[in-house]
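**Q** Sharing work_8.csv here; it has CSV, C-alpha atoms.
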chain,number,residue,atom,x,y,z
A,25,MET,CA,98.3,265.6,29.5
A,26,THR,CA,98.7,268.0,32.4
A,27,SER,CA,99.7,267.0,35.9
A,28,LYS,CA,96.1,267.3,37.0
A,29,SER,CA,95.4,264.1,35.1
A,30,TYR,CA,97.5,262.1,37.6
A,31,PRO,CA,96.2,262.7,41.1
A,32,ASN,CA,98.4,261.4,43.9
A,33,ALA,CA,100.9,260.0,41.3
A,34,VAL,CA,103.5,257.6,42.5
A,35,LEU,CA,106.3,256.4,40.1
A,36,VAL,CA,106.9,252.7,40.3
A,37,ALA,CA,110.2,251.7,38.6
A,38,PRO,CA,111.5,248.1,38.6
A,39,LEU,CA,114.9,247.1,37.3
A,40,ASN,CA,114.9,245.3,34.0
A,41,TRP,CA,116.8,242.1,35.1
A,42,GLY,CA,114.7,239.2,33.8
A,43,LEU,CA,111.1,239.6,34.9
A,44,GLY,CA,111.3,239.2,38.7
A,45,HIS,CA,111.6,242.8,39.7
A,46,ALA,CA,108.7,243.8,37.5
A,47,THR,CA,106.4,240.9,38.6
A,48,ARG,CA,106.9,241.6,42.3
A,49,CYS,CA,105.9,245.2,41.7
A,50,ILE,CA,102.5,244.0,40.6
A,51,PRO,CA,101.0,243.7,44.1
A,52,ILE,CA,102.5,247.1,45.0
A,53,ILE,CA,100.8,248.7,41.9
A,54,ASN,CA,97.5,247.1,42.9
A,55,ALA,CA,97.9,248.3,46.5
A,56,LEU,CA,98.5,251.9,45.2
A,57,LEU,CA,95.3,251.7,43.1
A,58,GLU,CA,93.3,250.4,46.1
A,59,ASN,CA,94.6,253.2,48.3
A,60,ASN,CA,93.6,256.0,45.9
A,61,PHE,CA,97.1,256.6,44.3
A,62,THR,CA,97.8,256.8,40.6
A,63,PRO,CA,100.7,254.6,39.7
A,64,ILE,CA,102.9,255.7,36.8
A,65,LEU,CA,105.1,252.9,35.6
A,66,ALA,CA,108.7,253.1,34.3
A,67,SER,CA,111.3,250.6,33.2
A,68,ASP,CA,112.9,249.3,30.0
A,69,GLY,CA,113.1,246.2,27.9
A,70,VAL,CA,111.0,243.1,28.8
A,71,ALA,CA,110.2,244.5,32.2
A,72,LEU,CA,108.4,247.4,30.6
A,73,GLN,CA,106.7,245.2,28.1
A,74,LEU,CA,105.4,243.0,31.0
A,75,LEU,CA,104.0,246.1,32.9
A,76,LYS,CA,102.3,247.4,29.7
A,77,LYS,CA,100.6,244.0,29.3
A,78,GLU,CA,99.5,243.8,32.9
A,79,PHE,CA,98.4,247.4,33.2
A,80,PRO,CA,97.3,248.6,29.8
A,81,ASN,CA,95.3,251.6,31.3
A,82,LEU,CA,98.3,253.0,33.2
A,83,LEU,CA,100.9,255.5,31.9
A,84,CYS,CA,104.1,253.6,31.1
A,85,LEU,CA,107.4,255.6,30.7
A,86,GLU,CA,110.7,254.4,29.4
A,87,LEU,CA,113.9,254.6,31.4
A,88,PRO,CA,117.4,254.3,29.9
A,89,SER,CA,118.6,250.7,29.6
A,90,TYR,CA,121.7,249.7,31.6
A,91,GLN,CA,122.7,247.8,28.4
A,92,ILE,CA,124.1,245.0,30.5
A,93,GLU,CA,125.8,242.2,28.5
A,94,TYR,CA,125.7,238.7,30.0
A,95,PRO,CA,128.5,236.2,29.4
A,96,GLU,CA,127.9,232.8,27.9
A,97,ASP,CA,130.2,231.3,30.5
A,98,GLY,CA,128.6,231.7,33.9
A,99,ALA,CA,132.0,231.6,35.6
A,100,LYS,CA,132.8,235.0,34.0
A,101,PHE,CA,129.5,236.6,35.2
A,102,LYS,CA,131.0,238.7,38.1
A,103,TRP,CA,134.0,240.0,36.1
A,104,LYS,CA,131.7,240.9,33.2
A,105,MET,CA,129.5,243.0,35.6
A,106,ILE,CA,132.6,244.7,37.0
A,107,GLN,CA,133.8,245.7,33.6
A,108,GLN,CA,130.4,247.3,32.9
A,109,LEU,CA,130.3,249.4,36.1
A,110,PRO,CA,131.2,252.7,34.3
A,111,LYS,CA,128.3,252.1,31.8
A,112,ILE,CA,125.9,251.3,34.6
A,113,LEU,CA,126.9,254.4,36.6
A,114,GLU,CA,126.4,256.5,33.5
A,115,ALA,CA,122.9,255.1,33.1
A,116,LEU,CA,122.1,255.8,36.8
A,117,LEU,CA,123.0,259.5,36.3
A,118,PHE,CA,120.9,259.6,33.2
A,119,GLU,CA,117.9,258.1,34.8
A,120,LYS,CA,118.2,260.5,37.8
A,121,LYS,CA,118.0,263.5,35.3
A,122,ILE,CA,114.9,262.0,33.7
A,123,VAL,CA,113.2,261.4,37.0
A,124,LYS,CA,113.9,265.0,38.0
A,125,THR,CA,111.8,266.2,35.0
A,126,TRP,CA,109.0,263.6,35.7
A,127,VAL,CA,108.7,264.8,39.3
A,128,LYS,CA,107.7,268.2,38.0
A,129,LYS,CA,105.8,267.1,34.9
A,130,TYR,CA,103.5,264.6,36.6
A,131,ASN,CA,103.4,266.3,40.0
A,132,LEU,CA,104.7,263.1,41.7
A,133,CYS,CA,104.0,262.6,45.4
A,134,GLY,CA,106.4,259.6,45.7
A,135,ILE,CA,108.8,257.2,44.1
A,136,LEU,CA,109.0,253.4,44.5
A,137,SER,CA,112.2,252.1,42.9
A,138,ASP,CA,112.9,248.4,42.8
A,139,ASN,CA,116.6,248.2,42.5
A,140,ARG,CA,117.0,251.2,40.2
A,141,LEU,CA,119.5,253.2,42.2
A,142,GLY,CA,119.2,256.4,40.1
A,143,VAL,CA,115.4,256.6,40.4
A,144,ARG,CA,115.0,258.9,43.4
A,145,SER,CA,114.4,262.6,44.3
A,146,LYS,CA,115.3,264.8,47.2
A,147,LYS,CA,112.0,266.7,46.8
A,148,ILE,CA,109.6,263.8,47.4
A,149,PRO,CA,109.6,260.6,49.5
A,150,SER,CA,111.7,258.0,47.6
A,151,VAL,CA,111.6,254.3,48.6
A,152,PHE,CA,114.1,251.6,47.5
A,153,ILE,CA,112.8,248.0,47.3
A,154,THR,CA,115.4,245.3,47.6
A,155,HIS,CA,116.1,241.9,49.2
A,156,GLN,CA,119.8,242.6,48.9
A,157,ILE,CA,121.2,244.9,51.5
A,158,GLN,CA,124.3,242.8,51.1
A,159,VAL,CA,125.1,242.0,47.5
A,160,LEU,CA,126.8,238.6,47.2
A,161,THR,CA,129.6,238.5,44.6
A,162,GLY,CA,132.0,236.0,46.1
A,163,SER,CA,135.4,237.5,46.9
A,164,THR,CA,134.2,241.0,46.0
A,165,THR,CA,131.1,240.9,48.3
A,166,TRP,CA,132.5,243.7,50.5
A,167,PHE,CA,133.0,246.0,47.6
A,168,SER,CA,129.7,245.4,45.9
A,169,SER,CA,127.8,245.7,49.2
A,170,THR,CA,129.5,248.9,50.2
A,171,LEU,CA,128.9,250.5,46.8
A,172,HIS,CA,125.2,249.3,46.8
A,173,GLN,CA,124.6,250.6,50.3
A,174,LYS,CA,126.1,254.0,49.5
A,175,PHE,CA,123.4,254.6,46.9
A,176,MET,CA,120.7,253.0,49.1
A,177,GLN,CA,121.4,255.3,52.0
A,178,LYS,CA,120.2,258.3,49.8
A,179,PHE,CA,116.6,256.9,49.8
A,180,ASP,CA,114.1,257.9,52.5
A,181,GLU,CA,113.1,254.3,53.2
A,182,ILE,CA,114.3,250.8,52.2
A,183,TRP,CA,111.6,248.1,51.9
A,184,VAL,CA,112.8,244.5,52.2
A,185,PRO,CA,110.2,242.0,51.0
A,186,ASP,CA,110.9,239.4,53.6
A,187,PHE,CA,110.2,238.5,57.2
A,188,ALA,CA,112.1,240.4,59.9
A,189,ASP,CA,112.8,237.4,62.2
A,190,GLU,CA,115.4,234.7,62.1
A,191,ILE,CA,113.2,232.4,60.0
A,192,ASN,CA,113.3,234.3,56.7
A,193,LEU,CA,113.8,233.9,52.9
A,194,SER,CA,116.7,236.2,52.0
A,195,GLY,CA,119.1,235.2,54.8
A,196,LYS,CA,122.3,237.3,55.0
A,197,MET,CA,121.4,239.2,51.8
A,198,GLY,CA,118.5,241.0,53.4
A,199,HIS,CA,119.5,240.8,57.1
A,200,VAL,CA,122.8,242.5,58.2
A,201,LYS,CA,124.2,242.6,61.7
A,202,ASN,CA,125.1,246.2,61.7
A,203,ASP,CA,122.4,248.8,62.4
A,204,PHE,CA,121.3,249.7,58.9
A,205,HIS,CA,118.9,252.6,59.3
A,206,HIS,CA,115.4,253.2,57.7
A,207,VAL,CA,114.8,249.6,56.8
A,208,LYS,CA,111.3,248.1,56.9
A,209,TYR,CA,110.7,244.4,56.5
A,210,ILE,CA,107.3,244.4,54.8
A,211,GLY,CA,106.9,240.7,54.3
A,212,PRO,CA,107.2,238.6,51.0
A,213,LEU,CA,105.7,240.1,47.9
A,214,SER,CA,103.6,237.9,45.6
A,215,ARG,CA,100.9,238.7,43.1
A,216,PHE,CA,99.3,235.3,43.7
A,217,THR,CA,96.8,233.9,46.2
A,218,LYS,CA,96.7,230.3,47.2
A,219,LYS,CA,93.5,228.4,46.0
A,220,GLU,CA,92.5,224.7,46.2
A,221,VAL,CA,92.4,223.6,42.6
A,222,PRO,CA,92.7,220.1,40.9
A,223,ILE,CA,96.2,219.2,39.7
A,224,LYS,CA,96.4,219.2,35.9
A,225,TYR,CA,100.1,219.0,35.2
A,226,ASP,CA,102.8,216.7,36.7
A,227,ILE,CA,105.6,219.3,36.0
A,228,MET,CA,105.6,223.0,35.2
A,229,VAL,CA,108.8,224.4,33.8
A,230,LEU,CA,109.0,228.1,34.5
A,231,LEU,CA,112.0,229.9,32.9
A,232,SER,CA,113.1,233.4,33.6
A,233,GLY,CA,116.2,235.6,33.8
A,234,PRO,CA,118.6,237.3,31.4
A,235,GLU,CA,119.9,235.9,28.2
A,236,PRO,CA,121.8,233.9,27.1
A,237,GLN,CA,121.4,231.6,30.2
A,238,ARG,CA,117.6,231.6,29.9
A,239,GLY,CA,117.9,230.3,26.4
A,240,PHE,CA,120.6,227.7,27.3
A,241,LEU,CA,118.4,226.2,29.9
A,242,GLU,CA,115.4,226.2,27.6
A,243,ILE,CA,117.3,224.1,25.0
A,244,GLN,CA,118.6,221.8,27.7
A,245,LEU,CA,115.3,221.1,29.3
A,246,ARG,CA,113.4,220.7,26.1
A,247,GLU,CA,115.9,218.0,25.1
A,248,GLN,CA,115.7,216.3,28.5
A,249,LEU,CA,111.9,216.4,28.7
A,250,GLN,CA,111.3,215.3,25.1
A,251,ALA,CA,110.7,211.7,26.1
A,252,TYR,CA,108.8,212.6,29.3
A,253,THR,CA,105.4,210.9,29.2
A,254,GLY,CA,103.7,212.9,32.0
A,255,LYS,CA,101.7,216.0,31.7
A,256,LEU,CA,104.0,219.0,31.2
A,257,LEU,CA,103.4,222.8,31.2
A,258,PHE,CA,106.5,224.6,29.7
A,259,VAL,CA,106.6,228.4,30.0
A,260,ALA,CA,109.7,229.7,28.2
A,261,GLY,CA,109.7,233.2,29.9
A,262,LYS,CA,110.0,235.1,26.6
A,263,VAL,CA,107.8,238.2,26.6
A,264,GLU,CA,107.0,238.9,23.0
A,265,ALA,CA,104.4,241.0,21.1
A,266,GLU,CA,102.0,238.0,20.9
A,267,GLN,CA,101.4,235.1,23.1
A,268,LYS,CA,102.2,231.8,21.5
A,269,LYS,CA,100.9,228.3,22.5
A,270,PHE,CA,101.3,224.9,21.0
A,271,VAL,CA,100.4,221.4,22.3
A,272,LEU,CA,102.5,218.3,21.5
A,273,GLY,CA,101.0,215.2,23.0
A,274,SER,CA,100.8,215.7,26.8
A,275,HIS,CA,103.2,218.7,26.6
A,276,THR,CA,101.8,222.3,26.5
A,277,TYR,CA,104.2,225.1,25.6
A,278,PHE,CA,103.8,228.9,26.1
A,279,ASN,CA,106.4,231.6,25.2
A,280,TYR,CA,105.0,233.6,28.2
A,281,MET,CA,101.9,233.8,30.5
A,282,THR,CA,100.0,236.7,32.0
A,283,SER,CA,99.8,236.9,35.8
A,284,THR,CA,96.4,235.3,35.8
A,285,GLN,CA,97.5,232.4,33.6
A,286,LEU,CA,100.7,231.9,35.5
A,287,GLU,CA,98.8,231.8,38.8
A,288,GLN,CA,96.5,229.2,37.5
A,289,GLY,CA,99.3,227.2,35.9
A,290,LEU,CA,101.3,227.1,39.1
A,291,GLN,CA,98.4,226.0,41.2
A,292,GLU,CA,97.5,223.3,38.7
A,293,SER,CA,101.0,221.9,38.8
A,294,SER,CA,102.3,219.2,41.1
A,295,LEU,CA,105.9,220.3,40.8
A,296,VAL,CA,107.7,223.5,39.5
A,297,LEU,CA,111.1,223.3,37.9
A,298,CYS,CA,112.6,226.8,37.8
A,299,ARG,CA,115.4,229.2,38.6
A,300,SER,CA,116.0,230.2,42.3
A,301,GLY,CA,115.3,233.9,41.7
A,302,TYR,CA,114.0,235.7,44.8
A,303,THR,CA,110.7,236.6,43.3
A,304,THR,CA,110.1,233.0,42.2
A,305,VAL,CA,110.9,231.9,45.8
A,306,MET,CA,108.3,234.3,47.2
A,307,ASP,CA,105.6,233.1,44.8
A,308,LEU,CA,106.3,229.4,45.6
A,309,VAL,CA,106.2,230.1,49.3
A,310,LYS,CA,102.9,232.0,48.9
A,311,LEU,CA,101.3,229.1,46.9
A,312,ASP,CA,102.9,226.4,49.1
A,313,LYS,CA,104.3,224.6,46.0
A,314,LYS,CA,106.9,221.9,45.7
A,315,ALA,CA,109.8,222.9,43.5
A,316,PHE,CA,113.2,222.0,42.2
A,317,PHE,CA,115.7,224.8,41.5
A,318,ILE,CA,118.4,225.3,38.8
A,319,PRO,CA,120.3,228.5,39.7
A,320,THR,CA,121.5,230.7,37.0
A,321,PRO,CA,125.2,229.9,36.5
A,322,GLY,CA,127.5,232.6,38.0
A,323,GLN,CA,124.7,234.4,39.9
A,324,PHE,CA,125.9,234.3,43.5
A,325,GLU,CA,122.4,235.4,44.7
A,326,GLN,CA,120.6,232.5,43.2
A,327,GLU,CA,123.2,230.0,44.2
A,328,TYR,CA,123.1,231.2,47.8
A,329,LEU,CA,119.3,231.1,47.9
A,330,ALA,CA,119.3,227.5,46.5
A,331,LYS,CA,121.8,226.3,49.0
A,332,LYS,CA,120.1,228.1,51.9
A,333,LEU,CA,116.7,226.7,51.1
A,334,LYS,CA,118.1,223.2,50.5
A,335,LYS,CA,119.8,223.3,53.9
A,336,ALA,CA,116.5,224.4,55.5
A,337,GLY,CA,114.9,221.3,53.9
A,338,VAL,CA,112.5,223.3,51.8
A,339,PHE,CA,113.6,223.0,48.1
A,340,PRO,CA,116.3,220.8,46.4
A,341,PHE,CA,118.5,222.1,43.6
A,342,ALA,CA,121.2,221.1,41.1
A,343,LYS,CA,123.7,223.0,39.0
A,344,GLN,CA,122.6,223.6,35.4
A,345,SER,CA,125.6,221.6,34.1
A,346,GLN,CA,124.7,218.7,36.3
A,347,PHE,CA,120.9,218.6,36.2
A,348,LYS,CA,119.2,215.3,35.1
A,349,LEU,CA,115.5,214.5,35.0
A,350,GLU,CA,115.9,211.9,37.7
A,351,ASN,CA,117.0,214.7,40.1
A,352,LEU,CA,113.3,215.5,40.5
A,353,LEU,CA,112.8,212.4,42.6
A,354,GLU,CA,114.5,214.3,45.4
A,355,VAL,CA,111.5,216.6,45.8
A,356,ASP,CA,109.5,214.2,47.9
A,357,LEU,CA,112.2,214.3,50.5
A,358,TYR,CA,111.6,218.0,51.2
A,359,LYS,CA,108.7,219.7,53.0
A,360,ASN,CA,107.7,223.3,52.8
A,361,HIS,CA,108.1,225.3,55.9
A,362,ASN,CA,104.9,226.7,57.6
A,363,TRP,CA,105.7,230.3,56.6
A,364,SER,CA,103.8,233.2,58.2
A,365,ASP,CA,100.9,234.5,56.0
A,366,GLN,CA,100.5,237.8,57.7
A,367,PRO,CA,99.0,240.4,55.2
A,368,ILE,CA,101.1,243.4,54.3
A,369,ASN,CA,99.8,246.6,55.9
A,370,TRP,CA,99.8,248.7,52.8
A,371,LYS,CA,97.9,251.6,54.4
A,372,ASN,CA,100.6,252.1,56.9
A,373,LEU,CA,103.4,251.8,54.3
A,374,LEU,CA,101.8,254.1,51.7
A,375,CYS,CA,101.0,256.9,54.2
A,376,LEU,CA,104.6,258.1,53.4
A,377,PHE,CA,103.3,259.4,50.1
A,378,GLU,CA,100.3,261.3,51.5
A,379,ARG,CA,100.5,265.1,50.9
A,380,GLU,CA,100.0,267.4,53.9
Let's see the structure in the file written out as structure tokens.

**A**
Amino acid sequence: MTSKSYPNAVLVAPLNWGLGHATRCIPIINALLENNFTPILASDGVALQLLKKEFPNLLCLELPSYQIEYPEDGAKFKWKMIQQLPKILEALLFEKKIVKTWVKKYNLCGILSDNRLGVRSKKIPSVFITHQIQVLTGSTTWFSSTLHQKFMQKFDEIWVPDFADEINLSGKMGHVKNDFHHVKYIGPLSRFTKKEVPIKYDIMVLLSGPEPQRGFLEIQLREQLQAYTGKLLFVAGKVEAEQKKFVLGSHTYFNYMTSTQLEQGLQESSLVLCRSGYTTVMDLVKLDKKAFFIPTPGQFEQEYLAKKLKKAGVFPFAKQSQFKLENLLEVDLYKNHNWSDQPINWKNLLCLFERE
């Protein structure tokens, strides 16, 4: 196809790290369509598979994989990431070269990169989407944040999906004391809309994130919930070629759900048991749901979010190694904060990509 087939084309490229980055790009893609832009989607792995399923009529391109390997021991997570830095930097340079060809081939008028540091161009407006201006890695936070910010500064704008004021979701990750320029707080991103529906399930288990920890938690929760007599909806978070569903007594299992199914499942559930990933937090806040968090072992970001929100009295949590079914009784002691529900001003944000 020629570039004329893609009027006002904007490249949307989420990081393939679980499904969170791809799912929070869904409302952005819809906003582009509503404002007469043509989204072109790019990622790799399960993130790309998800986008293809959600938007079968849009052009989907493949970016090089970072080929990140995750340790079985969560305590070794940080050092495993540091060891793979050369490989990640090589992938960044590779994706930058690919994007350079796409800018010309598809006559792009803009780029929206969700945490893919190499997806940008000097020739067209390039936006970086992140809730981590400061990247928490324990004793190496200064190093990881400095490196991250060095790449981020090369983008024209940085969009943080959070509130700008003191009452916010990302805390010190998305809000830094120093004057970090060209940052816009756009408000939390969620593909869902709150509706009043009858409750159908007592517990919804919603798994996500990279392997092998996703799989470890799935095995653990299946064993612990085997004797549970209430109504259970279990979504394993495995995006595969075909959707699989089976019902065993009062328990319903899915390998994955589409956005529409997930929205309905969440709203029909009294309690959500899940990881404390930032995209999940935004969805829960949007739907005003009660939840219990089990942070991914070794991921400082999820551990920080779980502790922050527990301290704020919003959601309880437990470490994966310590979680027991009776921990869920704590949920009734917590109350959701009355978060602002101000709609995102997409027209104002997307004017950056309008050609003169």

**Q** In Å, how far is it from CA of Thr47 in chain A to CA of Glu354 in chain A?

**A**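 We find that CA of Thr47 in chain A and CA of Glu354 in chain A lie 28.6 Å from each other.
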
**Q** Distance CA of Asn59 in chain A-CA of Met281 in chain A, one decimal place?

**A**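 One can read the CA of Asn59 in chain A to CA of Met281 in chain A distance as 27.3 Å.
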
**Q** Give me the residues within 6 Å of range 222-236 of chain A as a ChimeraX atom specification, counting only C-alpha atoms and dropping any in the same chain fewer than 2 places off.

**A** /A:42,238-239,255-261,292-298

**Q** Take CA of Gly211 in chain A and CA of Asp186 in chain A and report the distance between them in Å, one decimal.

**A**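 Between CA of Gly211 in chain A and CA of Asp186 in chain A the gap works out to 4.3 Å.
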
**Q** Got a sec to check which residues sit within 8 Å of (106.9, 212.3, 25.1), counting all atoms listed in the file, and write them as a list of chain:residue names?

**A**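 Applying the cut-off with all atoms listed in the file, one gets A:Leu249, A:Gln250, A:Ala251, A:Tyr252, A:Thr253, A:Gly254, A:Gly273, A:Ser274, A:His275.
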
**Q** Kindly provide the residues of range 114-181 of chain A that approach range 316-324 of chain A to within 8 Å, each paired with its closest atom pair and their distance in Å to one decimal, based on only C-alpha atoms, listed by chain and increasing number, as a tab-separated table.

**A**
residue	atom	partner	partner_atom	distance
A:Leu160	CA	A:Phe324	CA	5.7
A:Thr161	CA	A:Phe324	CA	5.7
A:Gly162	CA	A:Phe324	CA	6.8

**Q** For range 311-326 of chain A of the structure just presented, write N, CA and C atoms to a file, as an mmCIF file, in the first residue's frame.

**A**
data_model
loop_
_atom_site.group_PDB
_atom_site.id
_atom_site.type_symbol
_atom_site.label_atom_id
_atom_site.label_comp_id
_atom_site.auth_asym_id
_atom_site.auth_seq_id
_atom_site.Cartn_x
_atom_site.Cartn_y
_atom_site.Cartn_z
ATOM 1 N N LEU A 311 -13.331 1.775 37.584
ATOM 2 C CA LEU A 311 -14.542 0.988 37.816
ATOM 3 C C LEU A 311 -14.973 0.984 39.282
ATOM 4 N N ASP A 312 -14.167 1.621 40.146
ATOM 5 C CA ASP A 312 -14.484 1.713 41.574
ATOM 6 C C ASP A 312 -14.674 0.324 42.189
ATOM 7 N N LYS A 313 -13.691 -0.570 41.917
ATOM 8 C CA LYS A 313 -13.781 -1.945 42.386
ATOM 9 C C LYS A 313 -12.929 -2.196 43.628
ATOM 10 N N LYS A 314 -13.367 -3.146 44.433
ATOM 11 C CA LYS A 314 -12.560 -3.614 45.550
ATOM 12 C C LYS A 314 -11.566 -4.647 45.023
ATOM 13 N N ALA A 315 -10.346 -4.624 45.577
ATOM 14 C CA ALA A 315 -9.320 -5.535 45.057
ATOM 15 C C ALA A 315 -8.321 -5.906 46.140
ATOM 16 N N PHE A 316 -7.632 -7.018 45.888
ATOM 17 C CA PHE A 316 -6.512 -7.448 46.728
ATOM 18 C C PHE A 316 -5.336 -7.687 45.809
ATOM 19 N N PHE A 317 -4.176 -7.107 46.153
ATOM 20 C CA PHE A 317 -3.003 -7.166 45.283
ATOM 21 C C PHE A 317 -1.996 -8.220 45.741
ATOM 22 N N ILE A 318 -1.383 -8.870 44.749
ATOM 23 C CA ILE A 318 -0.213 -9.724 44.972
ATOM 24 C C ILE A 318 0.858 -9.228 44.004
ATOM 25 N N PRO A 319 1.773 -8.359 44.459
ATOM 26 C CA PRO A 319 2.795 -7.801 43.547
ATOM 27 C C PRO A 319 3.703 -8.882 42.968
ATOM 28 N N THR A 320 4.165 -8.667 41.757
ATOM 29 C CA THR A 320 5.127 -9.582 41.146
ATOM 30 C C THR A 320 6.432 -9.539 41.938
ATOM 31 N N PRO A 321 6.930 -10.677 42.420
ATOM 32 C CA PRO A 321 8.162 -10.694 43.219
ATOM 33 C C PRO A 321 9.334 -10.047 42.483
ATOM 34 N N GLY A 322 10.020 -9.142 43.166
ATOM 35 C CA GLY A 322 11.202 -8.506 42.600
ATOM 36 C C GLY A 322 10.924 -7.259 41.782
ATOM 37 N N GLN A 323 9.655 -6.999 41.448
ATOM 38 C CA GLN A 323 9.329 -5.786 40.681
ATOM 39 C C GLN A 323 9.061 -4.652 41.660
ATOM 40 N N PHE A 324 10.058 -3.768 41.812
ATOM 41 C CA PHE A 324 9.983 -2.675 42.792
ATOM 42 C C PHE A 324 8.773 -1.783 42.541
ATOM 43 N N GLU A 325 8.436 -1.586 41.270
ATOM 44 C CA GLU A 325 7.301 -0.729 40.917
ATOM 45 C C GLU A 325 6.005 -1.262 41.524
ATOM 46 N N GLN A 326 5.729 -2.562 41.315
ATOM 47 C CA GLN A 326 4.492 -3.132 41.829
ATOM 48 C C GLN A 326 4.490 -3.191 43.351
#
